Every structure is written in C-alpha cells, then in structure tokens.
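Visitor: Data file entry08.cif (mmCIF, C-alpha atoms and all ligand atoms) is appended below.
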data_model
#
loop_
_atom_site.group_PDB
_atom_site.id
_atom_site.type_symbol
_atom_site.label_atom_id
_atom_site.label_comp_id
_atom_site.auth_asym_id
_atom_site.auth_seq_id
_atom_site.Cartn_x
_atom_site.Cartn_y
_atom_site.Cartn_z
ATOM 1 C CA MET A 152 14.634 15.363 12.338
ATOM 2 C CA ALA A 153 18.288 15.627 11.190
ATOM 3 C CA LEU A 154 19.017 18.236 8.504
ATOM 4 C CA GLN A 155 20.164 16.516 5.308
ATOM 5 C CA PHE A 156 21.923 18.499 2.588
ATOM 6 C CA ALA A 157 22.672 15.716 0.130
ATOM 7 C CA PHE A 158 20.597 17.214 -2.651
ATOM 8 C CA PRO A 159 19.057 14.856 -5.241
ATOM 9 C CA SER A 160 19.409 15.902 -8.841
ATOM 10 C CA THR A 161 16.556 17.842 -10.367
ATOM 11 C CA ALA A 162 16.387 15.653 -13.409
ATOM 12 C CA GLY A 163 12.726 16.538 -13.741
ATOM 13 C CA ALA A 164 13.380 20.279 -13.664
ATOM 14 C CA ARG A 165 13.008 22.005 -17.027
ATOM 15 C CA ARG A 166 16.322 23.488 -18.335
ATOM 16 C CA ARG A 167 16.273 27.257 -18.482
ATOM 17 C CA PRO A 168 17.857 29.238 -21.336
ATOM 18 C CA GLU A 169 21.149 30.713 -20.117
ATOM 19 C CA SER A 170 20.135 34.350 -20.438
ATOM 20 C CA ARG A 171 16.921 34.786 -18.432
ATOM 21 C CA SER A 172 15.801 38.218 -19.598
ATOM 22 C CA ILE A 173 12.138 37.751 -18.732
ATOM 23 C CA ILE A 174 10.902 36.291 -15.472
ATOM 24 C CA ARG A 175 7.970 34.100 -16.433
ATOM 25 C CA PRO A 176 4.801 35.103 -14.557
ATOM 26 C CA VAL A 177 3.289 32.323 -12.471
ATOM 27 C CA ARG A 178 -0.255 33.519 -12.687
ATOM 28 C CA CYS A 179 -2.703 30.655 -13.053
ATOM 29 C CA ALA A 180 -3.280 27.468 -11.120
ATOM 30 C CA ASP A 181 -1.807 25.353 -13.926
ATOM 31 C CA ASP A 182 1.441 27.369 -13.809
ATOM 32 C CA ARG A 183 1.622 26.905 -10.039
ATOM 33 C CA GLN A 184 0.870 23.187 -10.276
ATOM 34 C CA ALA A 185 3.684 22.806 -12.804
ATOM 35 C CA LEU A 186 6.009 24.869 -10.603
ATOM 36 C CA PHE A 187 5.485 22.627 -7.574
ATOM 37 C CA ASN A 188 5.881 19.530 -9.707
ATOM 38 C CA ARG A 189 9.247 20.883 -10.901
ATOM 39 C CA ILE A 190 10.615 21.789 -7.482
ATOM 40 C CA ALA A 191 9.393 18.612 -5.748
ATOM 41 C CA PRO A 192 12.756 16.728 -5.929
ATOM 42 C CA VAL A 193 14.615 19.468 -4.002
ATOM 43 C CA TYR A 194 11.789 21.172 -2.108
ATOM 44 C CA ASP A 195 12.399 19.679 1.329
ATOM 45 C CA ASN A 196 16.176 20.042 1.288
ATOM 46 C CA LEU A 197 16.092 23.624 0.026
ATOM 47 C CA ASN A 198 13.560 24.565 2.710
ATOM 48 C CA ASP A 199 15.932 23.192 5.349
ATOM 49 C CA LEU A 200 18.857 25.035 3.809
ATOM 50 C CA PHE A 201 17.182 28.393 3.231
ATOM 51 C CA SER A 202 15.434 28.520 6.620
ATOM 52 C CA LEU A 203 18.317 26.863 8.529
ATOM 53 C CA GLY A 204 15.768 24.211 9.523
ATOM 54 C CA MET A 205 13.511 26.791 11.163
ATOM 55 C CA HIS A 206 10.559 25.941 8.899
ATOM 56 C CA ARG A 207 10.153 22.761 10.926
ATOM 57 C CA VAL A 208 9.651 24.841 14.085
ATOM 58 C CA TRP A 209 7.082 27.045 12.337
ATOM 59 C CA LYS A 210 5.218 23.960 11.083
ATOM 60 C CA ARG A 211 5.098 22.460 14.574
ATOM 61 C CA MET A 212 3.613 25.741 15.820
ATOM 62 C CA ALA A 213 0.968 25.656 13.078
ATOM 63 C CA VAL A 214 -0.007 22.090 13.962
ATOM 64 C CA SER A 215 -0.174 22.915 17.659
ATOM 65 C CA TRP A 216 -2.417 25.942 16.972
ATOM 66 C CA SER A 217 -4.840 23.708 15.008
ATOM 67 C CA GLY A 218 -5.965 22.155 18.295
ATOM 68 C CA VAL A 219 -5.461 18.642 16.912
ATOM 69 C CA LYS A 220 -5.728 15.852 19.523
ATOM 70 C CA GLU A 221 -5.457 12.082 19.698
ATOM 71 C CA GLY A 222 -8.111 10.196 17.766
ATOM 72 C CA ASP A 223 -9.095 13.173 15.599
ATOM 73 C CA THR A 224 -9.831 13.087 11.874
ATOM 74 C CA VAL A 225 -7.891 15.996 10.401
ATOM 75 C CA LEU A 226 -7.160 17.579 7.028
ATOM 76 C CA ASP A 227 -3.915 19.004 5.667
ATOM 77 C CA VAL A 228 -4.620 21.142 2.608
ATOM 78 C CA CYS A 229 -1.835 21.762 0.074
ATOM 79 C CA CYS A 230 0.117 19.025 1.868
ATOM 80 C CA GLY A 231 3.025 19.003 -0.589
ATOM 81 C CA SER A 232 5.724 16.554 0.523
ATOM 82 C CA GLY A 233 3.839 15.923 3.754
ATOM 83 C CA ASP A 234 5.642 17.841 6.494
ATOM 84 C CA LEU A 235 2.491 18.946 8.290
ATOM 85 C CA ALA A 236 0.652 15.690 7.555
ATOM 86 C CA PHE A 237 3.394 13.725 9.324
ATOM 87 C CA LEU A 238 3.218 16.063 12.320
ATOM 88 C CA LEU A 239 -0.593 15.736 12.415
ATOM 89 C CA SER A 240 -0.235 11.953 12.153
ATOM 90 C CA GLU A 241 1.912 11.866 15.286
ATOM 91 C CA LYS A 242 -0.657 13.980 17.132
ATOM 92 C CA VAL A 243 -3.789 11.954 16.211
ATOM 93 C CA GLY A 244 -2.006 8.616 16.644
ATOM 94 C CA ILE A 245 -3.099 5.217 15.306
ATOM 95 C CA SER A 246 -6.702 5.843 16.392
ATOM 96 C CA GLY A 247 -6.884 9.006 14.310
ATOM 97 C CA LYS A 248 -6.881 9.783 10.585
ATOM 98 C CA VAL A 249 -5.030 12.333 8.454
ATOM 99 C CA ILE A 250 -6.302 13.265 5.005
ATOM 100 C CA ALA A 251 -3.603 15.120 3.062
ATOM 101 C CA LEU A 252 -4.603 16.831 -0.195
ATOM 102 C CA ASP A 253 -2.540 18.411 -2.947
ATOM 103 C CA PHE A 254 -2.885 18.927 -6.688
ATOM 104 C CA SER A 255 0.779 18.173 -7.456
ATOM 105 C CA LYS A 256 1.380 14.552 -8.400
ATOM 106 C CA GLU A 257 5.130 14.942 -7.906
ATOM 107 C CA GLN A 258 4.752 16.369 -4.411
ATOM 108 C CA LEU A 259 2.350 13.559 -3.448
ATOM 109 C CA GLN A 260 4.783 10.957 -4.784
ATOM 110 C CA ILE A 261 7.521 12.387 -2.558
ATOM 111 C CA ALA A 262 5.109 12.363 0.401
ATOM 112 C CA ALA A 263 4.094 8.738 -0.169
ATOM 113 C CA ALA A 264 7.739 7.714 -0.552
ATOM 114 C CA ARG A 265 8.601 9.410 2.748
ATOM 115 C CA GLN A 266 5.658 7.620 4.374
ATOM 116 C CA SER A 267 6.905 4.199 3.287
ATOM 117 C CA GLU A 268 10.550 4.967 4.163
ATOM 118 C CA GLN A 269 9.759 6.029 7.729
ATOM 119 C CA SER A 270 9.057 3.410 10.356
ATOM 120 C CA LYS A 271 6.540 5.221 12.575
ATOM 121 C CA ALA A 272 3.438 3.044 12.891
ATOM 122 C CA CYS A 273 1.155 6.071 13.134
ATOM 123 C CA TYR A 274 2.088 7.188 9.604
ATOM 124 C CA LYS A 275 -0.217 4.429 8.316
ATOM 125 C CA ASN A 276 -3.075 6.756 9.321
ATOM 126 C CA ILE A 277 -2.261 9.189 6.499
ATOM 127 C CA GLU A 278 -4.171 9.082 3.210
ATOM 128 C CA TRP A 279 -2.826 11.145 0.287
ATOM 129 C CA ILE A 280 -5.433 12.612 -2.051
ATOM 130 C CA GLU A 281 -4.848 14.399 -5.354
ATOM 131 C CA GLY A 282 -7.314 17.237 -5.413
ATOM 132 C CA ASP A 283 -7.902 20.985 -5.572
ATOM 133 C CA ALA A 284 -8.142 23.171 -2.479
ATOM 134 C CA VAL A 285 -10.861 25.229 -4.166
ATOM 135 C CA ASN A 286 -13.087 22.175 -4.562
ATOM 136 C CA LEU A 287 -12.497 19.898 -1.574
ATOM 137 C CA PRO A 288 -14.015 16.440 -2.197
ATOM 138 C CA PHE A 289 -15.299 16.044 1.368
ATOM 139 C CA SER A 290 -18.684 16.365 3.046
ATOM 140 C CA ARG A 291 -19.631 19.284 5.268
ATOM 141 C CA SER A 292 -18.363 19.074 8.868
ATOM 142 C CA SER A 293 -15.969 16.164 8.244
ATOM 143 C CA PHE A 294 -12.875 17.269 10.140
ATOM 144 C CA ASP A 295 -11.885 18.032 13.740
ATOM 145 C CA ALA A 296 -9.032 20.316 12.596
ATOM 146 C CA ALA A 297 -7.321 21.511 9.431
ATOM 147 C CA THR A 298 -3.943 22.910 8.477
ATOM 148 C CA ILE A 299 -2.638 24.609 5.367
ATOM 149 C CA GLY A 300 1.079 25.374 5.354
ATOM 150 C CA TYR A 301 2.530 27.701 2.675
ATOM 151 C CA GLY A 302 -0.486 26.896 0.564
ATOM 152 C CA LEU A 303 -3.094 29.686 0.737
ATOM 153 C CA ARG A 304 -0.695 32.240 -0.758
ATOM 154 C CA ASN A 305 -0.260 29.939 -3.766
ATOM 155 C CA ILE A 306 -3.993 29.492 -4.393
ATOM 156 C CA VAL A 307 -5.499 31.756 -7.042
ATOM 157 C CA ASP A 308 -9.014 31.869 -5.522
ATOM 158 C CA ARG A 309 -8.127 32.186 -1.849
ATOM 159 C CA ARG A 310 -11.668 33.114 -0.791
ATOM 160 C CA LYS A 311 -13.025 29.897 -2.333
ATOM 161 C CA ALA A 312 -10.321 27.867 -0.589
ATOM 162 C CA MET A 313 -11.190 29.502 2.736
ATOM 163 C CA GLU A 314 -14.911 28.801 2.103
ATOM 164 C CA GLU A 315 -14.082 25.164 1.360
ATOM 165 C CA MET A 316 -12.097 24.760 4.585
ATOM 166 C CA TYR A 317 -14.939 26.356 6.536
ATOM 167 C CA LYS A 318 -17.386 23.918 4.921
ATOM 168 C CA VAL A 319 -15.502 20.732 5.787
ATOM 169 C CA LEU A 320 -14.644 21.673 9.390
ATOM 170 C CA LYS A 321 -16.898 20.635 12.266
ATOM 171 C CA PRO A 322 -18.452 23.498 14.287
ATOM 172 C CA GLY A 323 -16.008 24.667 16.972
ATOM 173 C CA SER A 324 -12.950 23.288 15.168
ATOM 174 C CA LYS A 325 -9.981 25.277 13.880
ATOM 175 C CA VAL A 326 -7.952 25.835 10.746
ATOM 176 C CA SER A 327 -4.316 26.856 11.171
ATOM 177 C CA ILE A 328 -2.902 28.747 8.187
ATOM 178 C CA LEU A 329 0.895 29.120 8.082
ATOM 179 C CA ASP A 330 2.657 31.213 5.454
ATOM 180 C CA PHE A 331 5.043 34.047 4.833
ATOM 181 C CA ASN A 332 3.995 37.257 6.554
ATOM 182 C CA LYS A 333 3.082 40.071 4.177
ATOM 183 C CA SER A 334 4.355 42.520 6.718
ATOM 184 C CA THR A 335 3.291 46.162 6.996
ATOM 185 C CA SER A 336 6.819 46.778 8.331
ATOM 186 C CA SER A 337 9.142 47.928 5.546
ATOM 187 C CA LEU A 338 12.068 46.421 7.469
ATOM 188 C CA ASN A 339 10.496 42.953 7.490
ATOM 189 C CA SER A 340 9.618 43.059 3.812
ATOM 190 C CA SER A 341 13.102 44.397 2.982
ATOM 191 C CA VAL A 342 14.713 41.485 4.880
ATOM 192 C CA GLN A 343 12.455 39.009 3.079
ATOM 193 C CA ASP A 344 13.273 40.575 -0.305
ATOM 194 C CA TRP A 345 17.000 40.652 0.451
ATOM 195 C CA MET A 346 17.088 36.976 1.566
ATOM 196 C CA ILE A 347 15.183 35.886 -1.543
ATOM 197 C CA ASP A 348 17.204 38.057 -3.959
ATOM 198 C CA TYR A 349 20.689 37.418 -2.575
ATOM 199 C CA ILE A 350 20.509 33.950 -0.996
ATOM 200 C CA VAL A 351 17.478 31.957 -2.131
ATOM 201 C CA VAL A 352 17.378 32.715 -5.863
ATOM 202 C CA PRO A 353 21.166 32.503 -6.490
ATOM 203 C CA ILE A 354 21.302 29.086 -4.812
ATOM 204 C CA ALA A 355 18.101 27.964 -6.582
ATOM 205 C CA SER A 356 19.651 28.998 -9.912
ATOM 206 C CA GLY A 357 22.193 26.217 -9.322
ATOM 207 C CA TYR A 358 19.245 23.855 -9.747
ATOM 208 C CA THR A 359 17.852 25.770 -12.775
ATOM 209 C CA LEU A 360 14.998 26.843 -10.469
ATOM 210 C CA ALA A 361 15.722 30.576 -10.199
ATOM 211 C CA ASP A 362 12.357 31.584 -11.700
ATOM 212 C CA GLU A 363 10.499 29.227 -9.375
ATOM 213 C CA TYR A 364 12.060 30.729 -6.271
ATOM 214 C CA GLN A 365 11.863 34.275 -7.651
ATOM 215 C CA TYR A 366 8.082 33.660 -7.687
ATOM 216 C CA LEU A 367 8.245 33.594 -3.881
ATOM 217 C CA LYS A 368 8.845 37.337 -3.852
ATOM 218 C CA SER A 369 5.914 38.306 -6.098
ATOM 219 C CA SER A 370 3.612 35.829 -4.361
ATOM 220 C CA ILE A 371 4.348 37.415 -0.971
ATOM 221 C CA LYS A 372 3.731 40.900 -2.352
ATOM 222 C CA GLU A 373 0.390 39.739 -3.799
ATOM 223 C CA TYR A 374 -0.597 37.936 -0.580
ATOM 224 C CA LEU A 375 -2.871 39.231 2.212
ATOM 225 C CA THR A 376 -1.684 40.937 5.393
ATOM 226 C CA GLY A 377 -2.532 39.417 8.768
ATOM 227 C CA LYS A 378 -5.439 41.817 9.202
ATOM 228 C CA GLU A 379 -6.755 41.024 5.714
ATOM 229 C CA LEU A 380 -6.514 37.275 6.469
ATOM 230 C CA GLU A 381 -8.495 37.787 9.700
ATOM 231 C CA GLN A 382 -11.107 39.748 7.742
ATOM 232 C CA LEU A 383 -11.375 37.115 5.000
ATOM 233 C CA ALA A 384 -11.874 34.373 7.605
ATOM 234 C CA GLY A 385 -14.671 36.389 9.199
ATOM 235 C CA GLU A 386 -16.333 37.036 5.839
ATOM 236 C CA VAL A 387 -16.547 33.327 4.973
ATOM 237 C CA GLY A 388 -18.090 32.552 8.373
ATOM 238 C CA PHE A 389 -15.355 31.765 10.898
ATOM 239 C CA TYR A 390 -16.533 33.323 14.174
ATOM 240 C CA VAL A 391 -13.076 34.152 15.445
ATOM 241 C CA ALA A 392 -9.753 34.554 13.648
ATOM 242 C CA LYS A 393 -6.385 35.641 15.067
ATOM 243 C CA PHE A 394 -3.126 36.240 13.174
ATOM 244 C CA TYR A 395 0.231 35.673 14.885
ATOM 245 C CA GLU A 396 3.540 36.931 13.504
ATOM 246 C CA ILE A 397 6.341 34.349 13.992
ATOM 247 C CA GLY A 398 9.947 33.923 12.856
ATOM 248 C CA ALA A 399 10.823 37.514 13.754
ATOM 249 C CA GLY A 400 7.896 38.693 11.644
ATOM 250 C CA LEU A 401 9.030 36.904 8.484
ATOM 251 C CA MET A 402 6.276 34.312 8.823
ATOM 252 C CA GLY A 403 2.709 34.400 10.069
ATOM 253 C CA ASN A 404 0.006 32.014 11.247
ATOM 254 C CA LEU A 405 -3.752 32.596 11.187
ATOM 255 C CA VAL A 406 -5.895 30.538 13.563
ATOM 256 C CA ALA A 407 -9.590 30.615 12.676
ATOM 257 C CA THR A 408 -12.364 28.851 14.592
ATOM 258 C CA ARG A 409 -15.570 27.733 12.908
HETATM 259 C C1 LIG A 501 8.914 26.283 4.167
HETATM 260 C C2 LIG A 501 9.098 27.619 3.552
HETATM 261 C C3 LIG A 501 8.689 27.893 2.301
HETATM 262 C C4 LIG A 501 7.951 26.902 1.483
HETATM 263 C C5 LIG A 501 7.754 27.405 0.074
HETATM 264 C C6 LIG A 501 6.617 28.085 -0.236
HETATM 265 C C7 LIG A 501 6.411 28.552 -1.526
HETATM 266 O O1 LIG A 501 5.282 29.216 -1.814
HETATM 267 C C8 LIG A 501 7.375 28.353 -2.542
HETATM 268 C C9 LIG A 501 7.155 28.821 -3.834
HETATM 269 C C10 LIG A 501 8.104 28.618 -4.801
HETATM 270 C C11 LIG A 501 9.279 27.942 -4.502
HETATM 271 C C12 LIG A 501 9.499 27.463 -3.220
HETATM 272 C C13 LIG A 501 8.532 27.671 -2.241
HETATM 273 C C14 LIG A 501 8.724 27.214 -0.909
HETATM 274 O O2 LIG A 501 9.860 26.565 -0.567
HETATM 275 C C15 LIG A 501 9.803 28.724 4.338
HETATM 276 C C16 LIG A 501 11.299 28.476 4.464
HETATM 277 C C17 LIG A 501 11.952 28.319 3.117
HETATM 278 C C18 LIG A 501 12.050 29.646 2.372
HETATM 279 C C19 LIG A 501 12.392 29.415 0.913
HETATM 280 C C20 LIG A 501 13.035 30.559 3.106
HETATM 281 C C21 LIG A 501 13.110 31.949 2.496
HETATM 282 C C22 LIG A 501 13.966 32.833 3.386
HETATM 283 C C23 LIG A 501 13.098 33.572 4.389
HETATM 284 C C24 LIG A 501 12.602 34.842 3.735
HETATM 285 C C25 LIG A 501 13.824 33.944 5.680
HETATM 286 C C26 LIG A 501 14.442 32.761 6.365
HETATM 287 C C27 LIG A 501 14.905 33.191 7.747
HETATM 288 C C28 LIG A 501 15.721 32.124 8.426
HETATM 289 C C29 LIG A 501 15.528 32.156 9.919
HETATM 290 C C30 LIG A 501 17.189 32.248 8.043
HETATM 291 C C1 LIG A 502 4.930 25.565 -0.768
HETATM 292 S S1 LIG A 502 4.120 24.053 -0.916
HETATM 293 C C2 LIG A 502 3.644 23.681 0.771
HETATM 294 C C3 LIG A 502 3.698 22.231 1.070
HETATM 295 C C4 LIG A 502 3.557 21.859 2.540
HETATM 296 N N1 LIG A 502 2.260 22.285 3.074
HETATM 297 C C5 LIG A 502 4.668 22.462 3.373
HETATM 298 O O1 LIG A 502 4.346 23.204 4.287
HETATM 299 O O2 LIG A 502 5.833 22.203 3.059
HETATM 300 C C6 LIG A 502 2.572 24.529 -1.600
HETATM 301 C C7 LIG A 502 1.760 23.334 -2.030
HETATM 302 O O3 LIG A 502 0.443 23.761 -2.367
HETATM 303 C C8 LIG A 502 0.004 23.006 -3.483
HETATM 304 N N2 LIG A 502 -1.107 23.746 -4.089
HETATM 305 C C9 LIG A 502 -1.093 25.017 -4.567
HETATM 306 N N3 LIG A 502 -2.314 25.345 -5.018
HETATM 307 C C10 LIG A 502 -3.138 24.260 -4.808
HETATM 308 C C11 LIG A 502 -4.512 23.983 -5.045
HETATM 309 N N4 LIG A 502 -5.317 24.881 -5.609
HETATM 310 N N5 LIG A 502 -4.994 22.786 -4.689
HETATM 311 C C12 LIG A 502 -4.188 21.852 -4.112
HETATM 312 N N6 LIG A 502 -2.877 22.030 -3.872
HETATM 313 C C13 LIG A 502 -2.358 23.235 -4.220
HETATM 314 C C14 LIG A 502 1.230 22.847 -4.339
HETATM 315 O O4 LIG A 502 1.109 21.768 -5.247
HETATM 316 C C15 LIG A 502 2.310 22.632 -3.283
HETATM 317 O O5 LIG A 502 2.512 21.250 -3.022
#
Could I get this file's structure written as structure tokens?
Ligand SMILES: C/C(=C\Cc1cc(O)c2ccccc2c1O)CCC[C@H](C)CCC[C@H](C)CCCC(C)C
Ligand SMILES: C[S@@+](CC[C@H](N)C(=O)[O-])C[C@H]1O[C@@H](n2cnc3c(N)ncnc32)[C@H](O)[C@@H]1O

Guide:
Amino acid sequence: MALQFAFPSTAGARRRPESRSIIRPVRCADDRQALFNRIAPVYDNLNDLFSLGMHRVWKRMAVSWSGVKEGDTVLDVCCGSGDLAFLLSEKVGISGKVIALDFSKEQLQIAAARQSEQSKACYKNIEWIEGDAVNLPFSRSSFDAATIGYGLRNIVDRRKAMEEMYKVLKPGSKVSILDFNKSTSSLNSSVQDWMIDYIVVPIASGYTLADEYQYLKSSIKEYLTGKELEQLAGEVGFYVAKFYEIGAGLMGNLVATR
C-alpha cells in the first residue's frame, strides 16, 4: 500500500491552549475513547510517517501469527481505522467473515469509508461493530481467530478484555496481540522515549495533538512486559502463550492459544 503524506485537516481536533503547562492524564475509558475520536482524521497518515511505514509490516506479522485461514470467521478487537481487519479480510476471502469492533465512532467511520473506497471484493466480508472490548457482544466459541493491534495497552481493564477474547474464541484457536514492547532493556525504552519526545510529539503538536501522542509514552510505561502478558494469558485460561519482540524490540506480539 503506497505511503500517502497528504494529511487531512484535523478540524475535529479540539484546540489546545498555547501554553500547555499540564499534560492532561488520559486515565479512564471515556478519556481514551475521546482521544481516539480526536486523532481519527490523521491516525493512519501519522502512523505511516512516524513508523516509516513499518507498522504495516508489524500488522501483517500479527495477522499471520493469528493462524487465520480462508473461510474463517475472525474478530479484530479495537479495530480502529481497520488496518488489521482489511488484512484479515484478504486472508479469509469472500467465503469468510471479519467482525471488527471498536468503541470509537470516528475511527469506525474512517474504517467504513476506507472499505467503500477500496475495490477489493473480499472487503465486503467485513462488518464494523461499535462496542467495548471488555464486554464483547458475541457468544462463547464464535471465532476461529482474533487479533488486537495497539489496543490492549489502551484498555483500562486488560484482564477483562483478555477474558472476553478467551470466551469468544473456539478451542484451539489463537489471539494475536500486537503492541509496543514494554521492554526490560533500558536502551529500548530510551529509544522509544526519545522517538516520542523528539519526533512524534513535536510533529503531533502541529496538529494540536501533542497531549494525545504524549499519552503514548505513559501508556507504554503502564503497560505489561512480554512475560507479564504471557502470565495474564495463562491466568485467564489460554493453555499456551508466547511473546515475540519485533521491530528491533520496540514492538511486541503475544500469541495465545485457547
Ligand atoms: C501503529 C503504531 C501505533 C498506533 C498507536 C497506538 C496508540 O496507543 C496511540 C495512542 C495515542 C496516539 C496515537 C497512537 C497510535 O498511533 C506504531 C507506529 C506509530 C507510532 C506512533 C510510532 C512511534 C515511534 C516508535 C517508538 C519507533 C518507530 C521506529 C521506526 C522503525 C522508525
Ligand atoms: C491505537 S488504535 C489501534 C487501531 C488498530 N487496531 C490499528 O492497529 O491501527 C486503538 C483503538 O482501540 C480502541 N479502543 C480502546 N479501548 C477500547 C475498548 N475498551 N473497547 C473498544 N475499543 C477500544 C480505540 O478507540 C482505538 O480505535
């Protein structure tokens, strides 16, 4: 997919007072929902810019690790603007089904717009659902695979979200959980901090979104390490869970099998 850097305006983004003396905490689910609604117009383009397009490689890896195959019925949790849902759609094909859930209306609108703009026939197999990852509106054992990309870190009750994904997966199926790596290596976390402080946030401030991207840093620090993610998966019932560091250790992917 070609990298586009023609950034749309962020008309929907709230203006920030010039002097930002206090970084607003983004503590509760409502704050996070509002944050992702605000960044929706520029989210995809800024991801391409900040990661030099590499996030698309990491997302393909996450989808591949989910074990998705043609004809499957699969779930993408915290789907946002649909990157992983579109990749899943291509894997399951027209005989399969992708259910993509998010609680941000703005992100889902972007996803649905992308779906109608793109000509791939298989994309008709995607259904967008507004819902909460901590209360998935699906029956037990509904899905052959699940993905959650850059979502679990943003969920307040991560254990509940993991329990919900366990519940809706069929026995023997996998969830692939892609996110930033809360590294135990001080070098990795220093590189992450430096990139966010000196590249990501200054550029985001040009879109009056400095606070939103500053949140990245605190959210990574409050996230779980790979070992802690493996342990959490085991505690909710997954019988095997393996964490892989990717992107030179800046990102990580947990693969858990029910
Ligand atoms: C796709 C990526 C991040 C998605 C994302 C997740 C969040 O939780 C956010 C929260 C608040 C605002 C935005 C996001 C958000 O975009 C990963 C790539 C995009 C990152 C913003 C890139 C940050 C720089 C990395 C630390 C290092 C990039 C290395 C690259 C090889 C140059
Ligand atoms: C960083 S975006 C990731 C989007 C997409 N998966 C990707 O990889 O680009 C995080 C998404 O998680 C959603 N999200 C966060 N908490 C959620 C929750 N409790 N329930 C549903 N969606 C949630 C946000 O609205 C946002 O769209």

Visitor: For the atom pair atom C7 of ligand LIG 502 (chain A) and atom CA of Tyr274 of chain A, what is the interatomic distance in Å to one decimal place?

Guide: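 Taking atom C7 of ligand LIG 502 (chain A) and atom CA of Tyr274 of chain A, their separation equals 19.9 Å.
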
Visitor: Pick out the residues sitting within 12 Å of segment 179-192 of chain A, and hand them over as an MDAnalysis selection string; count only C-alpha atoms, and ignore anything fewer than 6 positions along from it in its own chain.

Guide: chainID A and resid 157:166 198 229:233 253:262 264 281:285 301:302 304:309 355:356 358:367 370

Visitor: Could you spell out the hits of the PyMOL selection byres (((chain A and resi 385) around 12) and not hetatm) on the shown file, as a PDB file with C-alpha atoms, in the frame of the given file?

Guide:
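Contents of the output file result-v9.pdb:
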ATOM      1  CA  ARG A 310     -11.668  33.114  -0.791  1.00  0.00           C
ATOM      2  CA  MET A 313     -11.190  29.502   2.736  1.00  0.00           C
ATOM      3  CA  GLU A 314     -14.911  28.801   2.103  1.00  0.00           C
ATOM      4  CA  TYR A 317     -14.939  26.356   6.536  1.00  0.00           C
ATOM      5  CA  LYS A 378      -5.439  41.817   9.202  1.00  0.00           C
ATOM      6  CA  GLU A 379      -6.755  41.024   5.714  1.00  0.00           C
ATOM      7  CA  LEU A 380      -6.514  37.275   6.469  1.00  0.00           C
ATOM      8  CA  GLU A 381      -8.495  37.787   9.700  1.00  0.00           C
ATOM      9  CA  GLN A 382     -11.107  39.748   7.742  1.00  0.00           C
ATOM     10  CA  LEU A 383     -11.375  37.115   5.000  1.00  0.00           C
ATOM     11  CA  ALA A 384     -11.874  34.373   7.605  1.00  0.00           C
ATOM     12  CA  GLU A 386     -16.333  37.036   5.839  1.00  0.00           C
ATOM     13  CA  VAL A 387     -16.547  33.327   4.973  1.00  0.00           C
ATOM     14  CA  GLY A 388     -18.090  32.552   8.373  1.00  0.00           C
ATOM     15  CA  PHE A 389     -15.355  31.765  10.898  1.00  0.00           C
ATOM     16  CA  TYR A 390     -16.533  33.323  14.174  1.00  0.00           C
ATOM     17  CA  VAL A 391     -13.076  34.152  15.445  1.00  0.00           C
ATOM     18  CA  ALA A 392      -9.753  34.554  13.648  1.00  0.00           C
ATOM     19  CA  LYS A 393      -6.385  35.641  15.067  1.00  0.00           C
ATOM     20  CA  LEU A 405      -3.752  32.596  11.187  1.00  0.00           C
ATOM     21  CA  VAL A 406      -5.895  30.538  13.563  1.00  0.00           C
ATOM     22  CA  ALA A 407      -9.590  30.615  12.676  1.00  0.00           C
ATOM     23  CA  THR A 408     -12.364  28.851  14.592  1.00  0.00           C
ATOM     24  CA  ARG A 409     -15.570  27.733  12.908  1.00  0.00           C
TER      25      ARG A 409
END

Visitor: What does the PyMOL selection byres (((chain A and resi 397) around 10) and not hetatm) select in this file, as JSON, numbers by chain?

Guide: {"A": [209, 212, 329, 330, 331, 332, 394, 395, 396, 398, 399, 400, 401, 402, 403, 404]}

Visitor: Using the chain letters and numbering of this document, enumerate as a compact mmCIF listing (two decimals) with C-alpha atoms, keeping the file's coordinate frame the residues selected by the PyMOL selection byres (((chain A and resi 238) around 10) and not hetatm).

Guide:
# COMPACT_ATOMS: atom_id res chain seq x y z
CA ARG A 207 10.15 22.76 10.93
CA LYS A 210 5.22 23.96 11.08
CA ARG A 211 5.10 22.46 14.57
CA ALA A 213 0.97 25.66 13.08
CA VAL A 214 -0.01 22.09 13.96
CA SER A 215 -0.17 22.92 17.66
CA GLY A 233 3.84 15.92 3.75
CA ASP A 234 5.64 17.84 6.49
CA LEU A 235 2.49 18.95 8.29
CA ALA A 236 0.65 15.69 7.56
CA PHE A 237 3.39 13.72 9.32
CA LEU A 239 -0.59 15.74 12.42
CA SER A 240 -0.24 11.95 12.15
CA GLU A 241 1.91 11.87 15.29
CA LYS A 242 -0.66 13.98 17.13
CA VAL A 243 -3.79 11.95 16.21
CA VAL A 249 -5.03 12.33 8.45
CA TYR A 274 2.09 7.19 9.60

Visitor: Give the answer as one residue: which of A:Thr298, A:Ser337, A:Ser267, A:Ser293 has the shortest atom-to-atom distance to ligand LIG 502 (chain A), using only C-alpha atoms and all ligand atoms?

Guide: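 The closest residue to ligand LIG 502 (chain A) is A:Thr298.
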
Visitor: Using all atoms listed in the file for the distances, tell me which of A:Val177, A:Val193, A:Leu252, A:Ala312 is nearest to Ile354 of chain A.

Guide: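 Going through A:Val177, A:Val193, A:Leu252, A:Ala312 one by one, the smallest distance to Ile354 of chain A is for A:Val193.
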
Visitor: Name the closest residue to ligand LIG 501 (chain A) among the candidates A:Ser290, A:Thr335, A:Asn276, A:Ser341; distances are taken between atoms, counting all atoms listed in the file.

Guide: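 Closest residue, counting all atoms listed in the file: A:Ser341.
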
Visitor: Within 6 Å of Phe294 of chain A, counting only C-alpha atoms, which residues show up once you throw out same-chain ones fewer than 4 positions away? Write them as an MDAnalysis selection string, please.

Guide: chainID A and resid 224:225 320:321

Visitor: Hey, which of A:Ser246, A:Met346, A:Glu373, A:Gly323 ends up closest to ligand LIG 501 (chain A)? Count only C-alpha atoms and all ligand atoms.

Guide: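 Of all the options, A:Met346 lies closest to ligand LIG 501 (chain A).
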
Visitor: Atom CA of Met316 of chain A to atom CA of Ser202 of chain A: how many Å, to one decimal?

Guide: 27.9 Å

Visitor: Calculate how many Å separate atom CA of Ser217 of chain A from atom CA of Val326 of chain A, rounding to one decimal.

Guide: 5.7 Å

Visitor: How big is the axis-aligned box, and where does its centre sit, when it encloses all atoms of ligand LIG 501 (chain A) listed in the file and has 8 Å added on every side, reported in Å to one decimal as JSON?

Guide:
{"center_x": 11.2, "center_y": 30.6, "center_z": 2.6, "size_x": 27.9, "size_y": 24.6, "size_z": 30.7}

Visitor: Find the residue from A:Val352, A:Val319, A:Val208, A:Ile245 that sits nearest to ligand LIG 502 (chain A); use only C-alpha atoms and all ligand atoms when measuring.

Guide: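 With only C-alpha atoms and all ligand atoms as the atom set, the closest residue is A:Val208.
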